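Everything on this sheet refers to the single structure shown next.
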There are 2 protein chains.
Amino acid sequence: MNGSGPVPGRRVTQADVAKAAKVSRTTASFVLTGRTDMRISADVQRRVQRVAASLGYRPNLAARGLRTSKTHTFGLLSDTIATSPFAGELIHGSSDAALQHDRLLFVAESEGDAEVEARLFEAMIDRRVDGLVYATMFTREVTVPAHAADHPLVLLNCFVRSGGLPSVIPDERQAGREAARTLLAAGHSDRVVLLGEPAPRVFAGRERVGGIKAELKAAGTRLAENVRCTWSSHDAYDALVRFLRDNPAPTALICLNDRVALGAYQALSALGLRVPDHVSVLSFDDSVIAPWLVPELTTIALPHYAMGHRAVELLATGALEPRPIRIPMPLRDRGSVAAPRE
Amino acid sequence: MNGSGPVPGRRVTQADVAKAAKVSRTTASFVLTGRTDMRISADVQRRVQRVAASLGYRPNLAARGLRTSKTHTFGLLSDTIATSPFAGELIHGSSDAALQHDRLLFVAESEGDAEVEARLFEAMIDRRVDGLVYATMFTREVTVPAHAADHPLVLLNCFVRSGGLPSVIPDERQAGREAARTLLAAGHSDRVVLLGEPAPRVFAGRERVGGIKAELKAAGTRLAENVRCTWSSHDAYDALVRFLRDNPAPTALICLNDRVALGAYQALSALGLRVPDHVSVLSFDDSVIAPWLVPELTTIALPHYAMGHRAVELLATGALEPRPIRIPMPLRDRGSVAAPRE
DNA sequence: TCCCTGTGCTGACTCGTGTTAGCACCGCAA
DNA sequence: TTGCGGTGCTAACACGAGTCAGCACAGGGA
């Protein structure tokens with residue numbers, strides 16, 4: 001019974017193909033890797049291909065990687081995946097780009113623990129990944145662990161002070177300008193209030209506020225007020241309720257992120273003000289809740305999918321220029337911005 | 001200059017260690033893999049260990065895997081990661097368990113495309129993963145692709161009709177009972193309303209509602225009403241507003257998930273009803289928004305971290321019993337449930 | 001002295017693949 | 001016949017590890 005078909009339980013190897021096609025393993029290798037410089041007759045090529053297909057041959061990438069030192073594999077290491085709802089998009093984009101370039105991704109997270117991070121880096125390098133993506137969930141400056149130094153590396157959603165490493169970050173400044181431009185276009189100018197702590201030491205805060213102010217200034221106007229509060233819904237709720245007790249309602253509210261916007265919605269609702277009839281609301285992030293609010297929230301999206309995609313693509317194509325690449329943040333217009341009542 | 005230190009650009013191999021320790025590569029291998037049955041003197045053992053450490057030797061897992069057919073690597077394949085904010089937790093749990101067992105995870109998603117799914121399965125198998133996790137973002141029945149049949153496989157958040165595969169799912173029925181028990185304990189019994197379509201063909205819907213009804217029945221009471229609507233905030237908002245126009249307010253509301261609860265919050269707020277003073281609200285999922293609401297939402301959590309952790313642990317320990325394992329869903333008590341006003 | 005047993009280590013093979021150098025054959029010109 | 005260039009293929013080595021069978025030596029008893 002034995003000796004002809006593929007042995008169950010063992011995978012078909014190149015040697016099996018060679019034997020069945022009555023050629024040497026070398027020849028099989030040349031044909032199957034598509035090397036044309038080796039003068040294999042068209043006849044033999046067809047024969048080997050047919051046999052390989054009929055036996056269901058698939059190359060063992062571990063073995064190939066051992067020989068070529070190319071594993072067609074990347075490592076994606078992030079500080080915290082869980083706590084951020086954006087993680088999915090980041091991984092989604094990375095995974096898609098990997099698939100498009102015939103790679104697979106190791107994904108792991110360190111939870112910010114330097115020792116765990118070091119272990120994970122080593123685990124990836126021990127498996128001979130072709131390159132590494134080092135990702136953070138909030139855009140920030142990082143110092144890259146020494147382990148990674150010798151390997152192709154792309155920073156995702158983070159950067160180094162010197163700027164001397166390839167990195168992919170969101171264009172928060174452009175997002176700020178876009179926010180201001182959107183409100184100006186809808187007719188708001190004098191009574192626009194910013195809700196949220198500008199937090200100059202936080203990249204997103206600094207750039208968003210900078211962009212907003214720059215664009216308003218260019219249009220000859222400026223923010224009516226900045227109501228400060230941490231970027232949480234509860235603080236935003238309290239701060240806005242307090243503010244509206246002593247001040248007239250603004251025509252438009254720029255919230256520094258969607259959590260702040262959620263707090264604002266709840267505060268406005270509690271005070272009998274409707275969005276966008278009485279107050280327009282514009283926000284940043286495009287988190288999951290944006291489409292869940294009533295009315296749905298107009299917000300400027302963090303481009304996590306595009307960022308992940310780009311980072312892996314850089315690795316795959318090897319186009320590693322040592323500088324940050326800024327990915328545009330698109331406006332998601334959902335109807336929480338309208339013209340001000342005259 | 002050459003010949004003593006490690007050559008830059010080339011990794012230290014076992015052969016380098018053997019040479020530097022003046023033993024055969026075989027001996028080095030025995031020492032470094034910790035085989036004690038091979039009678040290596042304590043002297044030599046120490047010497048090899050010291051040399052390996054000082055050279056910074058790390059085994060090449062690709063090469064080892066080739067020889068042993070164990071890559072210390074698992075594949076996690078999911079239908080959709082991006083659209084669900086729970087993906088992070090699932091991957092987080094899986095990744096943690098993998099780290100604890102010295103494994104690394106390939107993560108990829110098919111977006112429900114069968115052809116992509118097949119490609120990804122093959123990509124993982126070509127890299128000789130030791131096992132596979134097949135995950136879905138919503139608990140449901142699946143048919144497992146034939147590709148996976150020959151490999152150790154755990155279903156995560158899904159199951160097969162026959163039940164004949166190892167799988168890890170949330171214990172939604174217990175969650176339903178827990179919900180009812182929580183409200184009963186707070187003093188609600190006659191005027192509890194369920195908000196959301198029971199959707200008997202959806203696992204979560206069927207089990208949650210089943211659990212709720214069973215527990216209420218055991219306590220000698222039952223739901224006052226089931227206000228039906230899809231599991232979206234907008235539908236829930238509309239349905240609840242309509243219901244409250246014609247009916248007295250319930251003392252407690254069970255929402256079939258957090259999106260529904262968000263809609264309910266907005267509707268109650270619009271009608272001047274406060275949570276939990278006028279109406280207690282209890283929900284399922286523990287999505288990101290639960291702690292963002294004012295007041296924070298009491299909800300029964302989908303145990304995605306624990307599920308991911310368990311699935312990978314099953315693979316790592318090899319304890320693959322062909323049946324579903326139900327992971328308990330914990331109550332997150334945040335204050336949206338209080339005693340009814342007398 | 002010879003054999004035997006145990007101790008401590010090593011040579012040689014293997015996993016599945018890529019790659020270099022070179023062999024055998026054919027046809028043609030000298 | 002001999003030489004020679006081209007065509008078509010293959011033997012042999014390498015990648016970095018794990019593993020089996022067996023060699024060399026020491027010590028002890030007959």
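Chain labels A, B, ... are given in the sequence in which chains occur in the structure tokens; within each chain residues are numbered consecutively from 1, and ligands are likewise numbered from 1 in the order shown.
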
Please list as a tab-separated table (two decimals) with N, CA and C atoms, in the first residue's frame every residue within 9 Å of A:Leu77, counting only C-alpha atoms (C1' of nucleotides) and excluding residues in the same chain fewer than 6 positions away.
chain	number	residue	atom	x	y	z
A	106	PHE	N	3.99	39.07	13.79
A	106	PHE	CA	3.92	38.76	15.20
A	106	PHE	C	3.37	39.99	15.91
A	107	VAL	N	2.40	39.80	16.77
A	107	VAL	CA	1.85	40.93	17.52
A	107	VAL	C	2.01	40.64	19.00
A	108	ALA	N	2.50	41.61	19.74
A	108	ALA	CA	2.64	41.44	21.18
A	108	ALA	C	2.61	42.80	21.85
A	109	GLU	N	2.35	42.80	23.14
A	109	GLU	CA	2.34	44.08	23.84
A	109	GLU	C	3.05	43.96	25.17
A	110	SER	N	3.67	45.06	25.55
A	110	SER	CA	4.52	45.04	26.73
A	110	SER	C	3.85	45.67	27.95
A	117	GLU	N	9.07	44.22	27.54
A	117	GLU	CA	9.38	44.72	26.21
A	117	GLU	C	10.67	44.09	25.69
A	120	LEU	N	10.13	40.49	24.75
A	120	LEU	CA	9.38	40.33	23.51
A	120	LEU	C	10.25	40.66	22.29
A	121	PHE	N	11.04	41.70	22.43
A	121	PHE	CA	11.95	42.03	21.33
A	121	PHE	C	12.86	40.85	21.05
A	132	LEU	N	10.90	45.28	12.44
A	132	LEU	CA	10.11	45.52	13.64
A	132	LEU	C	9.31	46.82	13.54
A	133	VAL	N	8.10	46.76	14.07
A	133	VAL	CA	7.30	47.97	14.25
A	133	VAL	C	7.14	48.19	15.75
A	134	TYR	N	7.46	49.39	16.19
A	134	TYR	CA	7.34	49.71	17.61
A	134	TYR	C	6.22	50.73	17.74
A	135	ALA	N	5.12	50.31	18.33
A	135	ALA	CA	3.92	51.16	18.33
A	135	ALA	C	3.53	51.61	19.73
A	136	THR	N	2.96	52.81	19.81
A	136	THR	CA	2.37	53.29	21.06
A	136	THR	C	0.92	53.64	20.80

Margin query: Could you list, as a PyMOL selection string, every residue within 6 Å of stretch 15-25 of chain C, counting only C-alpha atoms (C1' of nucleotides) and ignoring same-chain residues fewer than 6 positions away?
Written below: (chain A and resi 63-64) or (chain B and resi 66-67)

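Proximity to stretch 44-59 of chain A at 9 Å, evaluated using only C-alpha atoms (C1' of nucleotides) and with sequence-adjacent residues fewer than 6 positions away removed, yields Gly5, Pro6, Arg11, Val12, Thr13, Gln14, Asp16, Val17, Ala18, Ala20, Ala21, Lys22, Val23, Thr27, Ala28, Val31 and Leu32 of chain A; Glu122 and Asp126 of chain B; DG16 and DT17 of chain C.
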
Would you please extract all alpha helix (DSSP H) residues from stretch 46-170 of chain B, as assigned by DSSP on the backbone, and give them as a PyMOL selection string? chain B and resi 46-55+61-68+87-100+114-126

LSQ fit chain A -> chain B, C-alpha in sequence order, output as a CSV table (one decimal) with C-alpha atoms, in the first residue's frame:
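This went into superposed_15.csv:
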chain,number,residue,atom,x,y,z
A,1,MET,CA,42.2,42.5,14.4
A,2,ASN,CA,39.9,39.6,13.5
A,3,GLY,CA,39.4,36.2,14.9
A,4,SER,CA,38.7,36.7,18.5
A,5,GLY,CA,35.5,38.7,19.3
A,6,PRO,CA,32.2,38.1,17.8
A,7,VAL,CA,32.0,39.2,14.1
A,8,PRO,CA,29.8,42.2,13.9
A,9,GLY,CA,26.7,41.7,11.7
A,10,ARG,CA,26.6,37.9,12.3
A,11,ARG,CA,24.9,36.4,15.2
A,12,VAL,CA,26.7,34.2,17.7
A,13,THR,CA,25.9,30.6,16.9
A,14,GLN,CA,26.2,27.4,19.0
A,15,ALA,CA,29.4,26.6,17.0
A,16,ASP,CA,31.0,29.9,18.1
A,17,VAL,CA,30.2,29.0,21.7
A,18,ALA,CA,31.6,25.5,21.3
A,19,LYS,CA,34.8,26.8,19.7
A,20,ALA,CA,35.3,29.4,22.4
A,21,ALA,CA,34.7,26.9,25.2
A,22,LYS,CA,36.9,24.3,23.5
A,23,VAL,CA,34.3,21.6,23.2
A,24,SER,CA,32.5,20.0,20.4
A,25,ARG,CA,29.3,21.6,19.1
A,26,THR,CA,27.4,18.5,20.2
A,27,THR,CA,28.5,19.0,23.8
A,28,ALA,CA,27.5,22.7,23.6
A,29,SER,CA,24.1,21.6,22.3
A,30,PHE,CA,23.7,19.2,25.2
A,31,VAL,CA,24.6,21.8,27.8
A,32,LEU,CA,22.6,24.6,26.3
A,33,THR,CA,19.4,22.5,25.9
A,34,GLY,CA,19.9,21.3,29.5
A,35,ARG,CA,20.1,17.6,28.7
A,36,THR,CA,21.4,15.8,31.8
A,37,ASP,CA,21.2,12.3,30.6
A,38,MET,CA,24.4,12.7,28.6
A,39,ARG,CA,27.1,12.7,31.2
A,40,ILE,CA,28.7,16.1,30.8
A,41,SER,CA,31.0,16.9,33.6
A,42,ALA,CA,30.0,19.8,35.9
A,43,ASP,CA,33.2,21.5,34.9
A,44,VAL,CA,32.4,21.6,31.2
A,45,GLN,CA,28.8,22.6,31.9
A,46,ARG,CA,29.9,25.6,33.8
A,47,ARG,CA,32.4,26.6,31.2
A,48,VAL,CA,30.0,26.3,28.3
A,49,GLN,CA,27.3,28.3,30.2
A,50,ARG,CA,29.8,31.0,31.0
A,51,VAL,CA,31.0,31.3,27.5
A,52,ALA,CA,27.5,31.4,26.0
A,53,ALA,CA,26.5,34.1,28.4
A,54,SER,CA,29.6,36.2,27.8
A,55,LEU,CA,29.2,35.9,24.0
A,56,GLY,CA,25.5,36.7,24.3
A,57,TYR,CA,24.5,33.5,22.6
A,58,ARG,CA,20.8,33.1,21.7
A,59,PRO,CA,19.5,30.0,19.9
A,60,ASN,CA,18.1,30.5,16.4
A,61,LEU,CA,14.6,29.3,16.8
A,62,ALA,CA,14.0,29.0,13.1
A,63,ALA,CA,16.8,26.4,12.9
A,64,ARG,CA,15.7,24.7,16.1
A,65,GLY,CA,12.2,24.6,14.7
A,66,LEU,CA,13.4,23.0,11.6
A,67,ARG,CA,15.0,20.2,13.5
A,68,THR,CA,12.3,19.7,16.2
A,69,SER,CA,9.2,20.7,14.3
A,70,LYS,CA,8.2,22.9,17.2
A,71,THR,CA,8.3,26.6,16.4
A,72,HIS,CA,7.0,27.8,19.8
A,73,THR,CA,4.6,29.9,17.8
A,74,PHE,CA,0.8,30.0,17.5
A,75,GLY,CA,-1.4,31.6,14.9
A,76,LEU,CA,-4.5,33.7,15.8
A,77,LEU,CA,-6.8,34.2,13.0
A,78,SER,CA,-9.9,36.3,13.4
A,79,ASP,CA,-12.8,37.4,11.1
A,80,THR,CA,-12.9,41.1,12.0
A,81,ILE,CA,-10.7,42.8,14.5
A,82,ALA,CA,-11.2,46.4,13.6
A,83,THR,CA,-14.8,46.9,13.9
A,84,SER,CA,-15.0,45.7,17.4
A,85,PRO,CA,-13.5,47.5,20.4
A,86,PHE,CA,-13.2,44.2,22.2
A,87,ALA,CA,-10.5,43.0,19.8
A,88,GLY,CA,-7.8,44.6,22.0
A,89,GLU,CA,-8.8,42.6,25.0
A,90,LEU,CA,-8.9,39.4,23.1
A,91,ILE,CA,-5.5,39.9,21.7
A,92,HIS,CA,-4.2,41.2,25.0
A,93,GLY,CA,-5.3,38.0,26.8
A,94,SER,CA,-3.9,35.8,24.1
A,95,SER,CA,-0.6,37.7,23.9
A,96,ASP,CA,-0.2,37.5,27.7
A,97,ALA,CA,-0.8,33.8,27.8
A,98,ALA,CA,1.6,33.3,24.9
A,99,LEU,CA,4.3,35.2,26.8
A,100,GLN,CA,3.7,33.2,29.9
A,101,HIS,CA,4.3,30.0,28.0
A,102,ASP,CA,7.2,31.3,26.0
A,103,ARG,CA,5.3,31.5,22.7
A,104,LEU,CA,4.7,34.2,20.2
A,105,LEU,CA,1.5,34.9,18.3
A,106,PHE,CA,0.9,35.5,14.6
A,107,VAL,CA,-2.1,37.7,14.4
A,108,ALA,CA,-4.1,38.3,11.3
A,109,GLU,CA,-7.7,38.9,10.2
A,110,SER,CA,-9.7,37.8,7.2
A,111,GLU,CA,-12.6,40.3,7.3
A,112,GLY,CA,-14.8,37.4,6.7
A,113,ASP,CA,-13.4,36.8,3.3
A,114,ALA,CA,-13.1,33.0,2.9
A,115,GLU,CA,-10.3,33.3,0.3
A,116,VAL,CA,-8.3,35.6,2.5
A,117,GLU,CA,-8.9,33.3,5.4
A,118,ALA,CA,-7.6,30.4,3.4
A,119,ARG,CA,-4.5,32.3,2.4
A,120,LEU,CA,-3.8,33.3,6.0
A,121,PHE,CA,-4.2,29.8,7.3
A,122,GLU,CA,-1.7,28.6,4.7
A,123,ALA,CA,0.7,31.4,5.5
A,124,MET,CA,0.6,30.3,9.2
A,125,ILE,CA,0.9,26.7,8.4
A,126,ASP,CA,3.8,27.3,6.0
A,127,ARG,CA,5.5,28.9,8.9
A,128,ARG,CA,4.9,25.8,10.9
A,129,VAL,CA,2.9,27.2,13.8
A,130,ASP,CA,2.4,24.7,16.6
A,131,GLY,CA,-1.3,25.5,16.8
A,132,LEU,CA,-4.1,27.8,15.7
A,133,VAL,CA,-6.7,30.0,17.3
A,134,TYR,CA,-9.8,30.8,15.2
A,135,ALA,CA,-11.6,33.8,16.6
A,136,THR,CA,-14.7,35.7,15.9
A,137,MET,CA,-15.7,39.0,17.2
A,138,PHE,CA,-19.3,38.1,17.9
A,139,THR,CA,-20.1,34.8,19.5
A,140,ARG,CA,-21.6,32.5,16.9
A,141,GLU,CA,-21.5,29.2,15.2
A,142,VAL,CA,-18.9,28.6,12.5
A,143,THR,CA,-17.8,26.0,10.1
A,144,VAL,CA,-14.1,25.4,10.3
A,145,PRO,CA,-12.1,25.6,7.1
A,146,ALA,CA,-10.6,22.2,6.0
A,147,HIS,CA,-7.1,23.6,6.1
A,148,ALA,CA,-7.1,23.7,9.8
A,149,ALA,CA,-8.2,20.2,10.3
A,150,ASP,CA,-4.8,18.6,10.8
A,151,HIS,CA,-3.5,21.1,13.3
A,152,PRO,CA,-4.2,21.7,17.0
A,153,LEU,CA,-7.0,24.2,16.9
A,154,VAL,CA,-9.0,26.2,19.5
A,155,LEU,CA,-12.1,28.1,18.6
A,156,LEU,CA,-12.3,31.5,20.4
A,157,ASN,CA,-15.7,33.1,20.9
A,158,CYS,CA,-17.3,30.7,18.5
A,159,PHE,CA,-18.2,27.0,18.3
A,160,VAL,CA,-19.3,24.3,15.9
A,161,ARG,CA,-22.7,22.8,15.8
A,162,SER,CA,-21.6,19.3,16.9
A,163,GLY,CA,-19.6,20.8,19.7
A,164,GLY,CA,-16.8,18.5,18.8
A,165,LEU,CA,-14.0,21.0,18.9
A,166,PRO,CA,-12.2,22.7,21.8
A,167,SER,CA,-13.7,26.2,22.1
A,168,VAL,CA,-13.9,29.1,24.5
A,169,ILE,CA,-17.1,31.1,24.8
A,170,PRO,CA,-18.6,33.6,27.3
A,171,ASP,CA,-21.2,32.3,29.7
A,172,GLU,CA,-24.0,34.5,28.6
A,173,ARG,CA,-26.7,32.6,30.3
A,174,GLN,CA,-25.0,33.0,33.7
A,175,ALA,CA,-24.7,36.7,32.8
A,176,GLY,CA,-28.4,36.9,32.3
A,177,ARG,CA,-29.1,35.3,35.6
A,178,GLU,CA,-26.6,37.7,37.3
A,179,ALA,CA,-28.3,40.7,35.8
A,180,ALA,CA,-31.7,39.6,37.1
A,181,ARG,CA,-30.2,38.7,40.5
A,182,THR,CA,-28.6,42.1,40.8
A,183,LEU,CA,-31.8,44.0,40.2
A,184,LEU,CA,-33.8,41.7,42.5
A,185,ALA,CA,-31.2,42.2,45.3
A,186,ALA,CA,-31.6,46.0,44.8
A,187,GLY,CA,-35.3,45.7,45.4
A,188,HIS,CA,-36.6,45.7,41.8
A,189,SER,CA,-39.2,43.1,40.9
A,190,ASP,CA,-42.5,44.2,39.3
A,191,ARG,CA,-41.5,47.1,37.1
A,192,VAL,CA,-38.4,45.8,35.3
A,193,VAL,CA,-38.3,46.5,31.6
A,194,LEU,CA,-36.1,44.8,29.0
A,195,LEU,CA,-34.8,47.1,26.2
A,196,GLY,CA,-33.6,45.5,23.0
A,197,GLU,CA,-34.6,42.9,20.5
A,198,PRO,CA,-34.3,39.4,22.1
A,199,ALA,CA,-33.0,38.0,18.8
A,200,PRO,CA,-33.2,34.3,19.5
A,201,ARG,CA,-30.9,33.4,16.6
A,202,VAL,CA,-28.1,35.4,18.1
A,203,PHE,CA,-26.2,33.6,20.8
A,204,ALA,CA,-25.8,36.5,23.1
A,205,GLY,CA,-29.4,37.6,22.8
A,206,ARG,CA,-30.9,34.1,23.3
A,207,GLU,CA,-28.7,33.3,26.3
A,208,ARG,CA,-29.0,36.6,28.0
A,209,VAL,CA,-32.7,36.8,27.8
A,210,GLY,CA,-33.0,33.1,28.7
A,211,GLY,CA,-30.9,33.7,31.8
A,212,ILE,CA,-32.8,36.8,32.8
A,213,LYS,CA,-36.2,35.1,32.5
A,214,ALA,CA,-35.1,32.0,34.3
A,215,GLU,CA,-33.8,33.9,37.3
A,216,LEU,CA,-36.9,36.1,37.5
A,217,LYS,CA,-39.1,33.1,37.3
A,218,ALA,CA,-37.2,31.4,40.1
A,219,ALA,CA,-37.9,34.5,42.2
A,220,GLY,CA,-41.6,34.3,41.5
A,221,THR,CA,-41.8,37.3,39.2
A,222,ARG,CA,-41.2,38.3,35.5
A,223,LEU,CA,-40.4,41.1,33.1
A,224,ALA,CA,-43.0,43.9,33.0
A,225,GLU,CA,-42.3,44.4,29.4
A,226,ASN,CA,-39.9,43.9,26.5
A,227,VAL,CA,-39.4,47.0,24.5
A,228,ARG,CA,-38.0,45.8,21.2
A,229,CYS,CA,-35.4,47.6,19.1
A,230,THR,CA,-32.2,46.7,17.3
A,231,TRP,CA,-29.0,46.8,19.4
A,232,SER,CA,-28.1,50.3,18.4
A,233,SER,CA,-28.2,53.5,20.4
A,234,HIS,CA,-30.5,55.3,17.9
A,235,ASP,CA,-33.1,52.7,17.8
A,236,ALA,CA,-33.0,52.3,21.5
A,237,TYR,CA,-33.4,56.1,21.9
A,238,ASP,CA,-36.5,56.2,19.7
A,239,ALA,CA,-38.1,53.1,21.1
A,240,LEU,CA,-37.7,54.2,24.7
A,241,VAL,CA,-39.0,57.7,24.0
A,242,ARG,CA,-42.1,56.2,22.3
A,243,PHE,CA,-42.6,53.7,25.1
A,244,LEU,CA,-42.4,56.3,27.8
A,245,ARG,CA,-45.0,58.5,26.2
A,246,ASP,CA,-47.7,55.9,26.7
A,247,ASN,CA,-46.5,54.0,29.8
A,248,PRO,CA,-45.3,54.8,33.3
A,249,ALA,CA,-41.6,54.7,33.8
A,250,PRO,CA,-40.1,51.4,34.9
A,251,THR,CA,-38.0,51.3,38.1
A,252,ALA,CA,-35.3,49.5,36.3
A,253,LEU,CA,-34.1,49.0,32.7
A,254,ILE,CA,-32.1,46.0,31.5
A,255,CYS,CA,-30.4,47.0,28.2
A,256,LEU,CA,-29.2,44.1,26.0
A,257,ASN,CA,-25.9,45.9,25.5
A,258,ASP,CA,-24.1,49.1,26.2
A,259,ARG,CA,-25.0,50.8,22.9
A,260,VAL,CA,-28.6,50.3,23.8
A,261,ALA,CA,-27.9,51.7,27.3
A,262,LEU,CA,-26.3,54.7,25.7
A,263,GLY,CA,-29.4,55.4,23.7
A,264,ALA,CA,-31.5,54.8,26.9
A,265,TYR,CA,-29.4,57.3,28.8
A,266,GLN,CA,-29.9,59.9,26.1
A,267,ALA,CA,-33.6,59.3,26.0
A,268,LEU,CA,-34.1,59.4,29.8
A,269,SER,CA,-32.1,62.6,29.9
A,270,ALA,CA,-34.2,64.2,27.1
A,271,LEU,CA,-37.3,63.3,29.1
A,272,GLY,CA,-35.9,64.7,32.4
A,273,LEU,CA,-35.5,61.3,34.1
A,274,ARG,CA,-32.3,60.8,36.1
A,275,VAL,CA,-30.2,57.6,36.4
A,276,PRO,CA,-30.4,55.9,38.9
A,277,ASP,CA,-32.7,58.2,41.0
A,278,HIS,CA,-35.7,57.7,38.8
A,279,VAL,CA,-34.6,54.7,36.7
A,280,SER,CA,-31.9,52.1,37.4
A,281,VAL,CA,-30.0,50.9,34.3
A,282,LEU,CA,-28.2,47.6,33.9
A,283,SER,CA,-26.4,46.5,30.8
A,284,PHE,CA,-24.2,44.0,29.1
A,285,ASP,CA,-20.7,44.1,27.5
A,286,ASP,CA,-18.7,46.6,29.5
A,287,SER,CA,-17.6,48.4,26.4
A,288,VAL,CA,-15.3,51.4,26.6
A,289,ILE,CA,-18.2,53.8,27.0
A,290,ALA,CA,-19.5,52.3,30.2
A,291,PRO,CA,-17.2,54.3,32.5
A,292,TRP,CA,-17.6,57.4,30.3
A,293,LEU,CA,-21.3,57.8,30.9
A,294,VAL,CA,-22.7,60.1,33.6
A,295,PRO,CA,-23.4,58.3,35.9
A,296,GLU,CA,-21.0,55.5,35.1
A,297,LEU,CA,-22.8,52.4,33.8
A,298,THR,CA,-23.3,49.2,35.7
A,299,THR,CA,-22.8,46.4,33.2
A,300,ILE,CA,-21.9,42.7,32.9
A,301,ALA,CA,-18.6,42.4,31.1
A,302,LEU,CA,-17.7,40.3,28.1
A,303,PRO,CA,-14.6,38.5,29.4
A,304,HIS,CA,-12.5,38.9,26.3
A,305,TYR,CA,-9.2,39.1,28.1
A,306,ALA,CA,-9.9,35.8,30.0
A,307,MET,CA,-11.2,34.1,26.9
A,308,GLY,CA,-8.1,35.0,24.8
A,309,HIS,CA,-5.9,33.9,27.7
A,310,ARG,CA,-7.6,30.6,28.1
A,311,ALA,CA,-7.6,29.8,24.4
A,312,VAL,CA,-3.9,30.2,24.1
A,313,GLU,CA,-3.3,28.4,27.3
A,314,LEU,CA,-5.2,25.4,26.1
A,315,LEU,CA,-2.9,25.3,23.0
A,316,ALA,CA,0.2,25.7,25.1
A,317,THR,CA,-0.6,23.0,27.6
A,318,GLY,CA,-2.2,20.7,25.0
A,319,ALA,CA,-5.3,20.2,27.2
A,320,LEU,CA,-7.6,20.1,24.1
A,321,GLU,CA,-10.9,18.6,25.1
A,322,PRO,CA,-13.4,18.7,22.3
A,323,ARG,CA,-16.1,20.8,23.9
A,324,PRO,CA,-16.9,24.4,24.6
A,325,ILE,CA,-15.5,26.0,27.8
A,326,ARG,CA,-17.7,28.8,29.2
A,327,ILE,CA,-16.0,31.7,30.8
A,328,PRO,CA,-17.9,33.6,33.5
A,329,MET,CA,-19.0,37.2,32.8
A,330,PRO,CA,-18.3,39.4,35.8
A,331,LEU,CA,-20.5,42.2,37.0
A,332,ARG,CA,-19.0,45.7,36.9
A,333,ASP,CA,-20.9,47.6,39.5
A,334,ARG,CA,-20.5,51.3,38.7
A,335,GLY,CA,-23.6,52.9,40.3
A,336,SER,CA,-26.3,53.0,37.7
A,337,VAL,CA,-28.4,50.6,39.7
A,338,ALA,CA,-30.0,51.8,43.0
A,339,ALA,CA,-33.0,50.8,45.1
A,340,PRO,CA,-36.3,51.9,43.6
A,341,ARG,CA,-38.0,55.0,45.1
A,342,GLU,CA,-40.8,53.7,47.2
